[in-house]
$ cat query-v5.cif   # mmCIF, C-alpha atoms
data_structure
loop_
_atom_site.label_atom_id
_atom_site.label_comp_id
_atom_site.auth_asym_id
_atom_site.auth_seq_id
_atom_site.Cartn_x
_atom_site.Cartn_y
_atom_site.Cartn_z
CA MET O 1 58.18 125.85 104.44
CA LYS O 2 59.97 125.15 107.70
CA ASN O 3 63.20 126.53 106.23
CA LEU O 4 61.41 129.73 105.13
CA VAL O 5 60.05 130.36 108.62
CA LYS O 6 63.48 129.71 110.13
CA ARG O 7 65.15 132.22 107.76
CA PHE O 8 62.44 134.78 108.47
CA ALA O 9 62.93 134.41 112.23
CA GLN O 10 66.71 134.89 111.91
CA ASP O 11 66.49 137.90 109.57
CA GLU O 12 67.41 141.07 111.51
CA SER O 13 67.48 143.63 108.68
CA GLY O 14 64.03 144.95 109.63
CA ALA O 15 65.05 145.31 113.26
CA THR O 16 68.09 147.34 112.24
CA ALA O 17 65.95 149.68 110.14
CA ILE O 18 63.56 150.17 113.05
CA GLU O 19 66.47 150.93 115.39
CA TYR O 20 67.86 153.53 113.00
CA SER O 21 64.46 155.16 112.59
CA LEU O 22 64.00 155.32 116.37
CA ILE O 23 67.42 156.94 116.75
CA ALA O 24 66.57 159.46 114.01
CA ALA O 25 63.25 160.26 115.70
CA LEU O 26 64.98 160.76 119.05
CA ILE O 27 67.54 163.09 117.48
CA GLY O 28 64.69 165.02 115.86
CA VAL O 29 62.88 165.43 119.17
CA VAL O 30 66.07 166.64 120.87
CA LEU O 31 66.74 169.15 118.08
CA ILE O 32 63.19 170.50 118.17
CA THR O 33 63.26 170.79 121.96
CA GLY O 34 66.62 172.55 121.90
CA ALA O 35 65.59 174.94 119.14
CA THR O 36 62.36 175.80 120.96
CA TYR O 37 64.20 176.49 124.21
CA LEU O 38 66.88 178.51 122.46
CA GLY O 39 64.27 180.52 120.53
CA THR O 40 62.34 181.30 123.71
CA THR O 41 65.50 182.38 125.50
CA ILE O 42 66.67 184.59 122.64
CA ASN O 43 63.21 186.13 122.32
CA ALA O 44 63.22 187.00 126.03
CA LYS O 45 66.67 188.64 125.70
CA PHE O 46 65.58 190.71 122.69
CA ASN O 47 62.45 191.83 124.56
CA LEU O 48 64.58 192.85 127.54
CA ILE O 49 66.96 194.82 125.33
CA GLY O 50 64.05 196.43 123.48
CA ASP O 51 62.44 197.49 126.75
CA LYS O 52 65.72 199.01 128.01
CA ILE O 53 66.22 200.90 124.75
CA SER O 54 62.68 202.27 124.76
CA THR O 55 62.90 203.43 128.38
CA ALA O 56 66.39 204.91 127.93
CA GLY O 57 65.10 207.69 125.65
CA GLN O 58 62.56 208.95 128.17
#

$ encode --input "query-v5.cif" --output "structure tokens"
Amino acid sequence: MKNLVKRFAQDESGATAIEYSLIAALIGVVLITGATYLGTTINAKFNLIGDKISTAGQ
């Protein structure tokens, strides 16, 4: 039993999986944040262009 507890305490495979999942989650958050910012910026540019086109014909 003592040997089993010792092996369990030294096993780091679970810690590695948790580290990889945290890195993947962080990358996901960065991608979502970047896509949201980029989408907002592009939407503002298209609105500006649309407004200029609509006022140019008047």

$ atom_distance --input "query-v5.cif" --atom1 "CA of Asp51 in chain O" --atom2 "CA of Thr33 in chain O"
27.1 Å

$ atom_distance --input "query-v5.cif" --atom1 "CA of Leu26 in chain O" --atom2 "CA of Glu12 in chain O"
21.2 Å

$ atom_distance --input "query-v5.cif" --atom1 "CA of Ser13 in chain O" --atom2 "CA of Leu31 in chain O"
27.2 Å

$ build_atoms --input "query-v5.cif" --residues "range 21-32 of chain O" --atoms "all heavy atoms" --output "mmCIF file, in the coordinates of the input"
data_model
loop_
_atom_site.group_PDB
_atom_site.id
_atom_site.type_symbol
_atom_site.label_atom_id
_atom_site.label_comp_id
_atom_site.auth_asym_id
_atom_site.auth_seq_id
_atom_site.Cartn_x
_atom_site.Cartn_y
_atom_site.Cartn_z
ATOM 1 N N SER O 21 65.544 154.186 112.638
ATOM 2 C CA SER O 21 64.460 155.160 112.590
ATOM 3 C C SER O 21 64.127 155.682 113.983
ATOM 4 O O SER O 21 63.806 156.869 114.140
ATOM 5 C CB SER O 21 63.219 154.560 111.931
ATOM 6 O OG SER O 21 62.741 153.468 112.674
ATOM 7 N N LEU O 22 64.229 154.847 115.000
ATOM 8 C CA LEU O 22 64.000 155.320 116.370
ATOM 9 C C LEU O 22 65.089 156.300 116.802
ATOM 10 O O LEU O 22 64.811 157.303 117.466
ATOM 11 C CB LEU O 22 63.942 154.139 117.337
ATOM 12 C CG LEU O 22 62.686 153.285 117.262
ATOM 13 C CD1 LEU O 22 62.820 152.063 118.169
ATOM 14 C CD2 LEU O 22 61.465 154.088 117.648
ATOM 15 N N ILE O 23 66.323 156.021 116.429
ATOM 16 C CA ILE O 23 67.420 156.940 116.750
ATOM 17 C C ILE O 23 67.215 158.270 116.037
ATOM 18 O O ILE O 23 67.391 159.342 116.633
ATOM 19 C CB ILE O 23 68.777 156.314 116.377
ATOM 20 C CG1 ILE O 23 69.097 155.150 117.321
ATOM 21 C CG2 ILE O 23 69.895 157.346 116.423
ATOM 22 C CD1 ILE O 23 70.287 154.305 116.900
ATOM 23 N N ALA O 24 66.815 158.228 114.767
ATOM 24 C CA ALA O 24 66.570 159.460 114.010
ATOM 25 C C ALA O 24 65.420 160.255 114.631
ATOM 26 O O ALA O 24 65.495 161.485 114.726
ATOM 27 C CB ALA O 24 66.269 159.129 112.559
ATOM 28 N N ALA O 25 64.374 159.577 115.064
ATOM 29 C CA ALA O 25 63.250 160.260 115.700
ATOM 30 C C ALA O 25 63.679 160.898 117.017
ATOM 31 O O ALA O 25 63.284 162.028 117.319
ATOM 32 C CB ALA O 25 62.114 159.275 115.939
ATOM 33 N N LEU O 26 64.490 160.209 117.788
ATOM 34 C CA LEU O 26 64.980 160.760 119.050
ATOM 35 C C LEU O 26 65.842 161.990 118.812
ATOM 36 O O LEU O 26 65.706 163.004 119.517
ATOM 37 C CB LEU O 26 65.775 159.704 119.821
ATOM 38 C CG LEU O 26 66.351 160.131 121.169
ATOM 39 C CD1 LEU O 26 65.226 160.517 122.121
ATOM 40 C CD2 LEU O 26 67.186 159.023 121.761
ATOM 41 N N ILE O 27 66.710 161.942 117.817
ATOM 42 C CA ILE O 27 67.540 163.090 117.480
ATOM 43 C C ILE O 27 66.654 164.257 117.051
ATOM 44 O O ILE O 27 66.894 165.414 117.430
ATOM 45 C CB ILE O 27 68.567 162.722 116.396
ATOM 46 C CG1 ILE O 27 69.620 161.784 116.985
ATOM 47 C CG2 ILE O 27 69.231 163.962 115.812
ATOM 48 C CD1 ILE O 27 70.563 161.191 115.954
ATOM 49 N N GLY O 28 65.616 163.974 116.276
ATOM 50 C CA GLY O 28 64.690 165.020 115.860
ATOM 51 C C GLY O 28 63.991 165.684 117.038
ATOM 52 O O GLY O 28 63.865 166.908 117.095
ATOM 53 N N VAL O 29 63.540 164.882 117.990
ATOM 54 C CA VAL O 29 62.880 165.430 119.170
ATOM 55 C C VAL O 29 63.838 166.300 119.979
ATOM 56 O O VAL O 29 63.477 167.384 120.445
ATOM 57 C CB VAL O 29 62.303 164.289 120.049
ATOM 58 C CG1 VAL O 29 61.870 164.791 121.413
ATOM 59 C CG2 VAL O 29 61.149 163.615 119.342
ATOM 60 N N VAL O 30 65.079 165.858 120.127
ATOM 61 C CA VAL O 30 66.070 166.640 120.870
ATOM 62 C C VAL O 30 66.352 167.956 120.160
ATOM 63 O O VAL O 30 66.433 169.012 120.805
ATOM 64 C CB VAL O 30 67.375 165.819 121.064
ATOM 65 C CG1 VAL O 30 68.507 166.680 121.568
ATOM 66 C CG2 VAL O 30 67.131 164.658 122.014
ATOM 67 N N LEU O 31 66.483 167.922 118.834
ATOM 68 C CA LEU O 31 66.740 169.150 118.080
ATOM 69 C C LEU O 31 65.570 170.128 118.180
ATOM 70 O O LEU O 31 65.778 171.335 118.365
ATOM 71 C CB LEU O 31 67.035 168.832 116.623
ATOM 72 C CG LEU O 31 68.385 168.191 116.335
ATOM 73 C CD1 LEU O 31 68.489 167.814 114.865
ATOM 74 C CD2 LEU O 31 69.511 169.135 116.709
ATOM 75 N N ILE O 32 64.359 169.626 118.065
ATOM 76 C CA ILE O 32 63.190 170.500 118.170
ATOM 77 C C ILE O 32 63.084 171.101 119.563
ATOM 78 O O ILE O 32 62.817 172.304 119.710
ATOM 79 C CB ILE O 32 61.911 169.720 117.803
ATOM 80 C CG1 ILE O 32 61.912 169.405 116.310
ATOM 81 C CG2 ILE O 32 60.656 170.486 118.184
ATOM 82 C CD1 ILE O 32 60.833 168.437 115.868
#
